[in-house]
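Content type mmCIF, C-alpha atoms, from the file protein30.cif:
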data_data
#
loop_
_atom_site.label_atom_id
_atom_site.label_comp_id
_atom_site.auth_asym_id
_atom_site.auth_seq_id
_atom_site.Cartn_x
_atom_site.Cartn_y
_atom_site.Cartn_z
CA MET A 949 -11.39 23.78 24.80
CA GLU A 950 -11.90 20.32 23.34
CA LYS A 951 -8.90 18.06 23.12
CA TYR A 952 -8.35 15.01 20.98
CA LYS A 953 -6.10 12.01 21.31
CA VAL A 954 -4.81 11.48 17.78
CA THR A 955 -2.96 8.28 16.90
CA ASN A 956 -1.16 7.60 13.65
CA ARG A 957 -2.68 4.38 12.34
CA LEU A 958 0.18 3.72 9.93
CA GLU A 959 3.53 2.08 10.54
CA GLN A 960 5.23 5.00 8.85
CA ARG A 961 5.59 8.74 9.37
CA VAL A 962 2.60 10.93 8.55
CA ARG A 963 2.58 14.71 8.22
CA TYR A 964 -0.44 16.65 9.44
CA ASN A 965 -0.06 20.35 8.70
CA ASP A 966 3.35 21.03 10.23
CA ILE A 967 3.24 18.19 12.72
CA ILE A 968 5.02 14.92 12.02
CA PHE A 969 3.59 11.78 13.57
CA GLY A 970 5.95 8.83 13.92
CA SER A 971 4.81 5.28 13.35
CA LYS A 972 1.78 4.60 15.59
CA GLU A 973 2.55 7.78 17.56
CA THR A 974 -0.16 9.44 19.64
CA LYS A 975 -0.41 13.17 20.27
CA VAL A 976 -2.98 15.28 22.11
CA MET A 977 -4.30 18.00 19.82
CA ASP A 978 -6.76 20.85 19.89
CA ASN A 979 -8.13 20.09 16.45
CA LYS A 980 -9.38 16.88 14.94
CA PRO A 981 -7.83 15.48 11.75
CA THR A 982 -10.36 14.11 9.29
CA SER A 983 -7.98 11.72 7.56
CA ASP A 984 -8.50 8.01 8.04
CA LYS A 985 -4.76 7.74 8.59
CA PHE A 986 -5.51 8.65 12.21
CA ILE A 987 -7.50 7.15 15.03
CA VAL A 988 -9.13 10.09 16.79
CA GLU A 989 -10.58 9.93 20.28
CA LYS A 990 -12.16 12.90 21.97
CA ILE A 991 -10.76 13.43 25.44
CA THR A 992 -13.79 13.74 27.67
CA GLU A 993 -14.17 16.31 30.43
CA ILE A 994 -14.31 13.50 33.01
CA ASP A 995 -10.83 12.43 31.94
CA THR A 996 -9.64 16.02 32.22
CA GLU A 997 -11.22 16.41 35.67
CA LYS A 998 -9.60 13.16 36.84
CA LYS A 999 -6.25 14.39 35.59
CA GLU A 1000 -6.70 17.71 37.35
CA LYS A 1001 -7.71 15.97 40.61
CA LYS A 1002 -4.67 13.71 40.33
CA GLN A 1003 -2.48 16.73 39.82
CA LEU A 1004 -3.99 18.40 42.90
CA ASN A 1005 -3.40 15.25 44.98
CA ASN A 1006 0.22 15.24 43.81
CA GLY A 1007 0.65 18.78 44.99
CA GLY A 1008 0.24 20.22 41.52
CA LYS A 1009 2.83 17.95 39.94
CA LYS A 1010 1.89 16.43 36.57
CA MET B 257 -12.35 -21.55 -15.92
CA THR B 258 -14.78 -19.90 -18.30
CA GLN B 259 -12.54 -16.93 -19.06
CA ASP B 260 -10.62 -16.98 -22.35
CA SER B 261 -8.49 -14.08 -21.20
CA TRP B 262 -8.41 -11.17 -18.77
CA SER B 263 -8.93 -7.92 -20.58
CA GLU B 264 -10.02 -4.30 -20.35
CA THR B 265 -10.37 -3.87 -16.60
CA ALA B 266 -8.43 -4.66 -13.45
CA LEU B 267 -8.38 -3.54 -9.85
CA ILE B 268 -5.33 -2.10 -8.11
CA ALA B 269 -4.98 -1.73 -4.35
CA ILE B 270 -1.98 -0.09 -2.71
CA THR B 271 -1.63 -0.45 1.04
CA ALA B 272 0.72 1.14 3.54
CA GLN B 273 1.68 -0.94 6.55
CA GLY B 274 -1.09 -0.49 9.09
CA GLY B 275 -3.25 1.38 6.60
CA SER B 276 -6.35 0.72 4.56
CA ASP B 277 -6.38 -0.56 0.99
CA VAL B 278 -6.41 2.39 -1.39
CA GLN B 279 -7.82 1.74 -4.85
CA PHE B 280 -6.02 3.21 -7.86
CA ALA B 281 -7.68 1.52 -10.85
CA CYS B 282 -9.76 4.54 -11.83
CA SER B 283 -6.74 6.77 -12.34
CA THR B 284 -4.51 4.12 -13.90
CA GLU B 285 -4.28 3.24 -17.58
CA THR B 286 -1.58 0.56 -17.71
CA VAL B 287 0.20 -1.77 -15.35
CA ASP B 288 3.24 -3.89 -16.16
CA VAL B 289 4.63 -6.52 -13.85
CA ASP B 290 8.23 -7.57 -14.37
CA ILE B 291 8.64 -10.59 -12.13
CA GLY B 292 12.25 -11.03 -11.06
CA ASP B 293 14.21 -13.48 -13.18
CA LYS B 294 15.56 -16.73 -11.76
CA ASP B 295 18.44 -16.56 -14.17
CA PHE B 296 21.57 -18.65 -14.47
CA ASP B 297 24.95 -18.46 -16.10
CA SER B 298 26.30 -21.28 -18.21
CA ILE B 299 29.54 -23.03 -17.40
CA ASN B 300 30.85 -24.91 -20.38
CA THR B 301 32.63 -28.09 -19.46
CA LEU B 302 35.47 -29.61 -21.44
CA CYS B 303 33.35 -32.51 -22.65
CA GLY B 304 31.00 -30.07 -24.30
CA GLY B 305 28.41 -30.18 -21.55
CA ARG B 306 26.83 -27.29 -19.68
CA LEU B 307 26.44 -26.59 -15.99
CA PRO B 308 23.92 -23.98 -14.86
CA LYS B 309 25.30 -21.62 -12.23
CA PHE B 310 22.17 -20.26 -10.61
CA ASN B 311 21.85 -16.58 -9.81
CA PRO B 312 19.64 -15.42 -6.93
CA GLN B 313 16.21 -14.28 -8.11
CA GLY B 314 16.11 -10.60 -8.97
CA PRO B 315 13.65 -8.00 -7.71
CA THR B 316 10.16 -7.62 -9.17
CA THR B 317 9.16 -4.29 -10.65
CA ILE B 318 5.60 -3.06 -11.19
CA THR B 319 5.15 -0.03 -13.40
CA PHE B 320 1.98 2.06 -13.60
CA GLU B 321 0.98 4.74 -16.05
CA ALA B 322 -1.58 6.84 -14.25
CA TYR B 323 -3.42 10.14 -14.40
CA PRO B 324 -3.79 11.33 -10.79
CA VAL B 325 -5.00 14.83 -10.03
CA GLU B 326 -3.44 15.36 -6.62
CA ALA B 327 0.00 15.07 -5.05
CA GLY B 328 -1.07 12.23 -2.83
CA THR B 329 -4.00 10.73 -0.99
CA ALA B 330 -4.92 12.62 2.17
CA THR B 331 -7.69 10.26 3.23
CA GLY B 332 -10.10 7.63 2.02
CA THR B 333 -9.90 4.47 -0.02
CA THR B 334 -9.63 6.04 -3.46
CA GLY B 335 -6.13 6.96 -4.52
CA THR B 336 -5.72 10.50 -5.80
CA GLY B 337 -1.95 10.78 -6.12
CA PHE B 338 1.33 8.90 -6.02
CA PHE B 339 4.03 11.24 -4.72
CA ASP B 340 3.25 10.43 -1.09
CA LEU B 341 4.03 6.79 -1.75
CA MET B 342 7.70 7.69 -2.23
CA ASN B 343 7.93 10.31 0.54
CA THR B 344 6.34 11.08 3.89
CA THR B 345 2.59 11.14 3.39
CA ASP B 346 0.50 14.22 4.18
CA ALA B 347 -2.89 13.86 5.82
CA ALA B 348 -4.31 17.35 5.41
CA GLN B 349 -5.11 19.73 2.58
CA PRO B 350 -3.28 21.44 1.06
CA LEU B 351 -1.09 18.43 0.39
CA GLN B 352 2.55 19.38 0.63
CA ILE B 353 4.86 16.48 -0.03
CA SER B 354 8.57 17.24 -0.06
CA VAL B 355 11.27 14.86 -1.16
CA ASP B 356 12.80 13.26 1.87
CA LYS B 357 14.65 10.16 2.93
CA ALA B 358 11.60 8.15 4.00
CA ARG B 359 11.58 4.58 2.68
CA ASP B 360 8.22 3.11 3.55
CA LYS B 361 7.04 -0.39 2.74
CA TYR B 362 3.89 -0.90 0.71
CA ARG B 363 1.82 -3.78 -0.66
CA VAL B 364 0.45 -3.74 -4.19
CA ALA B 365 -2.37 -6.07 -5.25
CA ILE B 366 -3.70 -6.32 -8.79
CA LEU B 367 -6.85 -8.35 -9.46
CA TRP B 368 -8.50 -9.45 -12.67
CA THR B 369 -11.91 -10.97 -12.06
CA ASN B 370 -15.27 -11.67 -13.64
CA ALA B 371 -17.03 -10.87 -10.34
CA ILE B 372 -19.96 -8.51 -10.73
CA SER B 373 -19.09 -5.07 -9.38
CA PRO B 374 -15.84 -5.91 -7.59
CA THR B 375 -14.69 -3.14 -5.28
CA SER B 376 -11.17 -4.04 -4.19
CA ALA B 377 -8.16 -5.88 -5.52
CA THR B 378 -7.89 -7.53 -2.11
CA GLN B 379 -11.44 -8.83 -1.87
CA VAL B 380 -12.64 -12.43 -1.57
CA LEU B 381 -13.88 -14.24 -4.68
CA THR B 382 -16.61 -16.68 -3.78
CA SER B 383 -17.29 -19.95 -5.52
CA ALA B 384 -20.76 -20.59 -4.08
CA VAL B 385 -23.61 -19.49 -6.39
CA LEU B 386 -21.61 -16.94 -8.40
CA ALA B 387 -18.52 -19.09 -9.16
CA GLU B 388 -16.36 -15.99 -9.33
CA GLU B 389 -13.11 -16.42 -11.18
CA GLY B 390 -10.03 -14.30 -10.86
CA LEU B 391 -6.28 -13.91 -10.93
CA ARG B 392 -4.39 -11.80 -8.44
CA ILE B 393 -0.78 -10.63 -8.25
CA VAL B 394 0.39 -9.51 -4.83
CA ALA B 395 3.73 -7.94 -3.94
CA ALA B 396 4.41 -6.91 -0.35
CA ASP B 397 7.22 -5.16 1.51
CA GLY B 398 8.24 -3.23 -1.58
CA TYR B 399 9.14 0.40 -2.14
CA PHE B 400 8.02 3.04 -4.59
CA THR B 401 11.27 3.98 -6.27
CA SER B 402 10.14 6.30 -9.05
CA VAL B 403 7.31 8.79 -9.61
CA LYS B 404 7.77 10.69 -12.86
CA PRO B 405 5.25 13.22 -14.13
CA SER B 406 5.16 14.03 -17.84
CA PHE B 407 3.08 16.40 -19.94
CA THR B 408 4.44 15.62 -23.39
CA ASP B 409 1.09 14.36 -24.68
CA GLY B 410 -0.88 17.32 -23.31
CA ILE B 411 -2.22 15.37 -20.38
CA LEU B 412 -0.47 15.02 -17.05
CA LYS B 413 0.67 11.43 -16.75
CA PHE B 414 2.63 9.86 -13.91
CA THR B 415 4.85 6.86 -14.53
CA VAL B 416 5.26 5.12 -11.22
CA MET B 417 7.57 2.25 -10.31
CA PHE B 418 7.22 -0.10 -7.38
CA LYS B 419 10.12 -2.42 -6.67
CA VAL B 420 10.22 -5.38 -4.34
CA GLU B 421 12.80 -8.00 -3.45
CA ALA B 422 11.83 -11.61 -4.11
CA PHE B 423 12.25 -12.47 -0.44
CA ASP B 424 12.44 -10.61 2.84
CA LYS B 425 15.37 -10.81 5.26
CA ALA B 426 13.89 -13.95 6.85
CA ASN B 427 13.57 -15.66 3.43
CA SER B 428 9.76 -15.36 3.24
CA ALA B 429 8.34 -14.68 -0.21
CA ASN B 430 7.37 -11.12 -1.05
CA VAL B 431 5.54 -11.91 -4.28
CA LYS B 432 2.72 -14.30 -5.08
CA ILE B 433 0.27 -14.92 -7.87
CA GLU B 434 -2.98 -16.66 -7.03
CA SER B 435 -6.11 -17.55 -8.94
CA THR B 436 -9.40 -19.40 -8.79
CA ASP B 437 -11.38 -21.06 -11.55
CA GLY B 438 -14.59 -20.55 -9.62
CA THR B 439 -14.66 -23.94 -7.92
CA ALA B 440 -13.03 -22.64 -4.74
CA ASP B 441 -13.00 -19.36 -2.88
CA LEU B 442 -10.03 -17.06 -3.35
CA PRO B 443 -9.67 -15.60 0.16
CA ALA B 444 -9.45 -11.87 0.74
CA LEU B 445 -6.03 -10.54 1.62
CA THR B 446 -5.48 -9.96 5.32
CA ALA B 447 -4.78 -6.41 6.50
CA TYR B 448 -1.17 -5.50 5.71
CA THR B 449 1.15 -4.86 8.65
CA SER B 450 4.83 -5.23 9.43
CA THR B 451 4.15 -8.84 10.42
CA VAL B 452 1.39 -9.86 7.96
CA LYS B 453 1.96 -9.61 4.21
CA TRP B 454 -1.30 -11.02 2.88
#

Mind turning the file's structure into C-alpha cells?
Amino acid sequence: MEKYKVTNRLEQRVRYNDIIFGSKETKVMDNKPTSDKFIVEKITEIDTEKKEKKQLNNGGKK
Amino acid sequence: MTQDSWSETALIAITAQGGSDVQFACSTETVDVDIGDKDFDSINTLCGGRLPKFNPQGPTTITFEAYPVEAGTATGTTGTGFFDLMNTTDAAQPLQISVDKARDKYRVAILWTNAISPTSATQVLTSAVLAEEGLRIVAADGYFTSVKPSFTDGILKFTVMFKVEAFDKANSANVKIESTDGTADLPALTAYTSTVKW
C-alpha cells in the first residue's frame, strides 16, 4: 500500500476528515490530501525497504 | 498620479500564517476599514488652556460584506467561504467547520490599482513601462472576530469582521498603508509567517 508523508503547511491547526494536524505537523497517511494546505511527499518503496532492513538489524525493534 | 480616485474594483487577499494568499474580491461587495483612533482626552487647566492626555491607539477593524457559497476554503487561491477563518480550517470536502476555541492570526491586504489584469492584492506594481499606480492597505497578525450570515434580502450574505491591534507585543506595527504614483515600484508583500508580516 502506498504511504504519504503529509505536512501541514500552515502555522495553525488544520482538519482533514477526522484528523487534526497541528501547526507544521507531519503525519504518515495512506491517502493523499489534495488541499494546498499540505505538503505531500510519497514515501518510496526504497525508504520502506531501508526502514524494514533497519528494523531487522535492530532485532525487529522500530 | 493620474488617478482621480479609486473606484469600482479592488483586490482582497487573506493569508493564514504559513499559507498562500487567498483572493476574496470576487465574492465580496463592500469593504470598510476602520483604522484605530489615536484619540486623546482633554484636561482643562485653570488658566483656560488645554492639555491633551493621549490614549493608546485603538484596534483597526475591517468589515466585509460578501456572498460566499461554501463554509470555508478547502484548497486553492480563490476564497470560497469565511467560517474557517474564525475556527479550525477544514481541508477536505465536505467542509465541516465547528465553532471552537481556535484563535488564528491572519493577514488582510486590500489593493486598489490601475494595473492591467491584476491578480493579487499582494502583487508588485511596476513603474517601468506601465507606470502602475496603486494604494494598498495591509493589516497583519489580526483575528477574524465575527462571521454573520444573513438572508433578509433573499440572498445569503456574510458580514465578516477582522480585528487587529495597532502593534504587536514587541511594539512592531500591525497596520500599514502604502501607495505608488507610478514613478517607483510598489514591492510585492513577502509570504506571511509568524516572523514576517509583509

- Query: What is the distance, in Å and to one decimal place, between CA of Lys419 (chain B) and CA of Tyr323 (chain B)?
  - Reply: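 The value is 20.0 Å.
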
- Message: Can you tell me which residues surround Ser373 (chain B) at a distance of at most 12 Å, considering all atoms listed in the file, apart from same-chain residues fewer than 4 positions away, and format the answer as a PyMOL selection string?
- Response: chain B and resi 265-267+368-369+377+379+381+388

Suppose we keep C-alpha atoms; can you now write the selection as a CSV table (one decimal), in the coordinates of the input?
chain,number,residue,atom,x,y,z
B,265,THR,CA,-10.4,-3.9,-16.6
B,266,ALA,CA,-8.4,-4.7,-13.4
B,267,LEU,CA,-8.4,-3.5,-9.8
B,368,TRP,CA,-8.5,-9.4,-12.7
B,369,THR,CA,-11.9,-11.0,-12.1
B,377,ALA,CA,-8.2,-5.9,-5.5
B,379,GLN,CA,-11.4,-8.8,-1.9
B,381,LEU,CA,-13.9,-14.2,-4.7
B,388,GLU,CA,-16.4,-16.0,-9.3

- Message: List as a VMD selection string the protein and nucleic acid residues near region 324-328 of chain B, meaning an atom at most 12 Å away when only C-alpha atoms are counted, but skip any in the same chain fewer than 2 places from it.
- Response: (chain A and resid 963) or (chain B and resid 278 to 285 320 to 322 330 to 332 334 to 355 403 to 406 411 to 416)

Next, the residues of the selection above should be written as a PDB file, in the coordinates of the input with C-alpha atoms.
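Okay, result21.pdb is ready:
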ATOM      1  CA  ARG A 963       2.580  14.710   8.220  1.00  0.00           C
TER       2      ARG A 963
ATOM      3  CA  VAL B 278      -6.410   2.390  -1.390  1.00  0.00           C
ATOM      4  CA  GLN B 279      -7.820   1.740  -4.850  1.00  0.00           C
ATOM      5  CA  PHE B 280      -6.020   3.210  -7.860  1.00  0.00           C
ATOM      6  CA  ALA B 281      -7.680   1.520 -10.850  1.00  0.00           C
ATOM      7  CA  CYS B 282      -9.760   4.540 -11.830  1.00  0.00           C
ATOM      8  CA  SER B 283      -6.740   6.770 -12.340  1.00  0.00           C
ATOM      9  CA  THR B 284      -4.510   4.120 -13.900  1.00  0.00           C
ATOM     10  CA  GLU B 285      -4.280   3.240 -17.580  1.00  0.00           C
ATOM     11  CA  PHE B 320       1.980   2.060 -13.600  1.00  0.00           C
ATOM     12  CA  GLU B 321       0.980   4.740 -16.050  1.00  0.00           C
ATOM     13  CA  ALA B 322      -1.580   6.840 -14.250  1.00  0.00           C
ATOM     14  CA  ALA B 330      -4.920  12.620   2.170  1.00  0.00           C
ATOM     15  CA  THR B 331      -7.690  10.260   3.230  1.00  0.00           C
ATOM     16  CA  GLY B 332     -10.100   7.630   2.020  1.00  0.00           C
ATOM     17  CA  THR B 334      -9.630   6.040  -3.460  1.00  0.00           C
ATOM     18  CA  GLY B 335      -6.130   6.960  -4.520  1.00  0.00           C
ATOM     19  CA  THR B 336      -5.720  10.500  -5.800  1.00  0.00           C
ATOM     20  CA  GLY B 337      -1.950  10.780  -6.120  1.00  0.00           C
ATOM     21  CA  PHE B 338       1.330   8.900  -6.020  1.00  0.00           C
ATOM     22  CA  PHE B 339       4.030  11.240  -4.720  1.00  0.00           C
ATOM     23  CA  ASP B 340       3.250  10.430  -1.090  1.00  0.00           C
ATOM     24  CA  LEU B 341       4.030   6.790  -1.750  1.00  0.00           C
ATOM     25  CA  MET B 342       7.700   7.690  -2.230  1.00  0.00           C
ATOM     26  CA  ASN B 343       7.930  10.310   0.540  1.00  0.00           C
ATOM     27  CA  THR B 344       6.340  11.080   3.890  1.00  0.00           C
ATOM     28  CA  THR B 345       2.590  11.140   3.390  1.00  0.00           C
ATOM     29  CA  ASP B 346       0.500  14.220   4.180  1.00  0.00           C
ATOM     30  CA  ALA B 347      -2.890  13.860   5.820  1.00  0.00           C
ATOM     31  CA  ALA B 348      -4.310  17.350   5.410  1.00  0.00           C
ATOM     32  CA  GLN B 349      -5.110  19.730   2.580  1.00  0.00           C
ATOM     33  CA  PRO B 350      -3.280  21.440   1.060  1.00  0.00           C
ATOM     34  CA  LEU B 351      -1.090  18.430   0.390  1.00  0.00           C
ATOM     35  CA  GLN B 352       2.550  19.380   0.630  1.00  0.00           C
ATOM     36  CA  ILE B 353       4.860  16.480  -0.030  1.00  0.00           C
ATOM     37  CA  SER B 354       8.570  17.240  -0.060  1.00  0.00           C
ATOM     38  CA  VAL B 355      11.270  14.860  -1.160  1.00  0.00           C
ATOM     39  CA  VAL B 403       7.310   8.790  -9.610  1.00  0.00           C
ATOM     40  CA  LYS B 404       7.770  10.690 -12.860  1.00  0.00           C
ATOM     41  CA  PRO B 405       5.250  13.220 -14.130  1.00  0.00           C
ATOM     42  CA  SER B 406       5.160  14.030 -17.840  1.00  0.00           C
ATOM     43  CA  ILE B 411      -2.220  15.370 -20.380  1.00  0.00           C
ATOM     44  CA  LEU B 412      -0.470  15.020 -17.050  1.00  0.00           C
ATOM     45  CA  LYS B 413       0.670  11.430 -16.750  1.00  0.00           C
ATOM     46  CA  PHE B 414       2.630   9.860 -13.910  1.00  0.00           C
ATOM     47  CA  THR B 415       4.850   6.860 -14.530  1.00  0.00           C
ATOM     48  CA  VAL B 416       5.260   5.120 -11.220  1.00  0.00           C
TER      49      VAL B 416
END

- List the residues matched by the PyMOL selection byres ((chain A and resi 972-983) around 6) in the displayed structure as a PyMOL selection string, ordered by chain and then by residue number. (chain A and resi 951-959+969-971+984-985) or (chain B and resi 331+347)

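What separates CA of Phe986 (chain A) from CA of Thr329 (chain B) is a distance of 13.4 Å.
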
- Message: For a test of reading the model, state the distance in Å between CA of Thr319 (chain B) and CA of Asp360 (chain B), rounded to one decimal.
- Response: 17.5 Å

- Task: Expand the PyMOL selection byres ((chain B and resi 433-448) around 6) into the individual residues it matches in the shown file, reporting them as a list in words.
- Result: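 Matching residues under the PyMOL selection byres ((chain B and resi 433-448) around 6) are Met257, Gln273, Thr378, Gln379, Val380, Leu381, Thr382, Ser383, Ala387, Glu388, Glu389, Gly390, Leu391, Arg392, Ile393, Lys432, Thr449, Val452, Lys453 and Trp454 of chain B.
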
Once 5 Å is added on each side, what centre and edge lengths in Å to one decimal does the axis-aligned box around all listed atoms of region 950-964 of chain A have, as JSON?
{"center_x": -3.2, "center_y": 11.2, "center_z": 15.8, "size_x": 27.5, "size_y": 28.2, "size_z": 25.1}

- Query: the PyMOL selection byres ((chain B and resi 422) around 9) on the file shown: which residues, as a ChimeraX atom specification?
  - Reply: /B:291-292,313-316,395,420-421,423-424,427-431

- Name all residues at most 6 Å from region 294-296 of chain B (count all atoms listed in the file; drop same-chain ones fewer than 4 positions away) and give them as an NGL selection string. :B and (308-311 or 313)

Can you take the partial region 418-439 of chain B, add N, CA and C atoms, and return it as a PDB file, in the coordinates of the input?
ATOM      1  N   PHE B 418       7.203   0.551  -8.694  1.00  0.00           N
ATOM      2  CA  PHE B 418       7.220  -0.100  -7.380  1.00  0.00           C
ATOM      3  C   PHE B 418       8.167  -1.289  -7.499  1.00  0.00           C
ATOM      4  N   LYS B 419       9.092  -1.381  -6.563  1.00  0.00           N
ATOM      5  CA  LYS B 419      10.120  -2.420  -6.670  1.00  0.00           C
ATOM      6  C   LYS B 419      10.172  -3.225  -5.378  1.00  0.00           C
ATOM      7  N   VAL B 420      10.248  -4.530  -5.530  1.00  0.00           N
ATOM      8  CA  VAL B 420      10.220  -5.380  -4.340  1.00  0.00           C
ATOM      9  C   VAL B 420      11.201  -6.541  -4.515  1.00  0.00           C
ATOM     10  N   GLU B 421      11.913  -6.834  -3.441  1.00  0.00           N
ATOM     11  CA  GLU B 421      12.800  -8.000  -3.450  1.00  0.00           C
ATOM     12  C   GLU B 421      11.964  -9.276  -3.501  1.00  0.00           C
ATOM     13  N   ALA B 422      12.552 -10.337  -4.031  1.00  0.00           N
ATOM     14  CA  ALA B 422      11.830 -11.610  -4.110  1.00  0.00           C
ATOM     15  C   ALA B 422      11.509 -12.166  -2.719  1.00  0.00           C
ATOM     16  N   PHE B 423      12.425 -11.950  -1.796  1.00  0.00           N
ATOM     17  CA  PHE B 423      12.250 -12.470  -0.440  1.00  0.00           C
ATOM     18  C   PHE B 423      12.596 -11.379   0.573  1.00  0.00           C
ATOM     19  N   ASP B 424      12.049 -11.527   1.777  1.00  0.00           N
ATOM     20  CA  ASP B 424      12.440 -10.610   2.840  1.00  0.00           C
ATOM     21  C   ASP B 424      13.699 -11.134   3.537  1.00  0.00           C
ATOM     22  N   LYS B 425      14.117 -10.440   4.573  1.00  0.00           N
ATOM     23  CA  LYS B 425      15.370 -10.810   5.260  1.00  0.00           C
ATOM     24  C   LYS B 425      15.292 -12.217   5.851  1.00  0.00           C
ATOM     25  N   ALA B 426      14.058 -12.642   6.222  1.00  0.00           N
ATOM     26  CA  ALA B 426      13.890 -13.950   6.850  1.00  0.00           C
ATOM     27  C   ALA B 426      13.582 -15.032   5.809  1.00  0.00           C
ATOM     28  N   ASN B 427      13.734 -14.699   4.521  1.00  0.00           N
ATOM     29  CA  ASN B 427      13.570 -15.660   3.430  1.00  0.00           C
ATOM     30  C   ASN B 427      12.098 -15.994   3.137  1.00  0.00           C
ATOM     31  N   SER B 428      11.172 -15.175   3.604  1.00  0.00           N
ATOM     32  CA  SER B 428       9.760 -15.360   3.240  1.00  0.00           C
ATOM     33  C   SER B 428       9.491 -14.644   1.923  1.00  0.00           C
ATOM     34  N   ALA B 429       8.625 -15.247   1.112  1.00  0.00           N
ATOM     35  CA  ALA B 429       8.340 -14.680  -0.210  1.00  0.00           C
ATOM     36  C   ALA B 429       7.644 -13.332  -0.102  1.00  0.00           C
ATOM     37  N   ASN B 430       8.008 -12.437  -0.993  1.00  0.00           N
ATOM     38  CA  ASN B 430       7.370 -11.120  -1.050  1.00  0.00           C
ATOM     39  C   ASN B 430       6.373 -11.011  -2.206  1.00  0.00           C
ATOM     40  N   VAL B 431       6.383 -11.992  -3.086  1.00  0.00           N
ATOM     41  CA  VAL B 431       5.540 -11.910  -4.280  1.00  0.00           C
ATOM     42  C   VAL B 431       4.764 -13.206  -4.423  1.00  0.00           C
ATOM     43  N   LYS B 432       3.467 -13.083  -4.753  1.00  0.00           N
ATOM     44  CA  LYS B 432       2.720 -14.300  -5.080  1.00  0.00           C
ATOM     45  C   LYS B 432       1.674 -13.985  -6.140  1.00  0.00           C
ATOM     46  N   ILE B 433       1.359 -15.002  -6.905  1.00  0.00           N
ATOM     47  CA  ILE B 433       0.270 -14.920  -7.870  1.00  0.00           C
ATOM     48  C   ILE B 433      -0.706 -16.032  -7.519  1.00  0.00           C
ATOM     49  N   GLU B 434      -1.975 -15.680  -7.408  1.00  0.00           N
ATOM     50  CA  GLU B 434      -2.980 -16.660  -7.030  1.00  0.00           C
ATOM     51  C   GLU B 434      -4.187 -16.513  -7.946  1.00  0.00           C
ATOM     52  N   SER B 435      -4.941 -17.612  -8.062  1.00  0.00           N
ATOM     53  CA  SER B 435      -6.110 -17.550  -8.940  1.00  0.00           C
ATOM     54  C   SER B 435      -7.144 -18.577  -8.494  1.00  0.00           C
ATOM     55  N   THR B 436      -8.352 -18.405  -8.976  1.00  0.00           N
ATOM     56  CA  THR B 436      -9.400 -19.400  -8.790  1.00  0.00           C
ATOM     57  C   THR B 436     -10.178 -19.547 -10.083  1.00  0.00           C
ATOM     58  N   ASP B 437     -10.560 -20.804 -10.352  1.00  0.00           N
ATOM     59  CA  ASP B 437     -11.380 -21.060 -11.550  1.00  0.00           C
ATOM     60  C   ASP B 437     -12.863 -21.053 -11.226  1.00  0.00           C
ATOM     61  N   GLY B 438     -13.192 -20.632 -10.015  1.00  0.00           N
ATOM     62  CA  GLY B 438     -14.590 -20.550  -9.620  1.00  0.00           C
ATOM     63  C   GLY B 438     -15.096 -21.749  -8.842  1.00  0.00           C
ATOM     64  N   THR B 439     -14.239 -22.763  -8.689  1.00  0.00           N
ATOM     65  CA  THR B 439     -14.660 -23.940  -7.920  1.00  0.00           C
ATOM     66  C   THR B 439     -14.231 -23.838  -6.455  1.00  0.00           C
TER      67      THR B 439
END
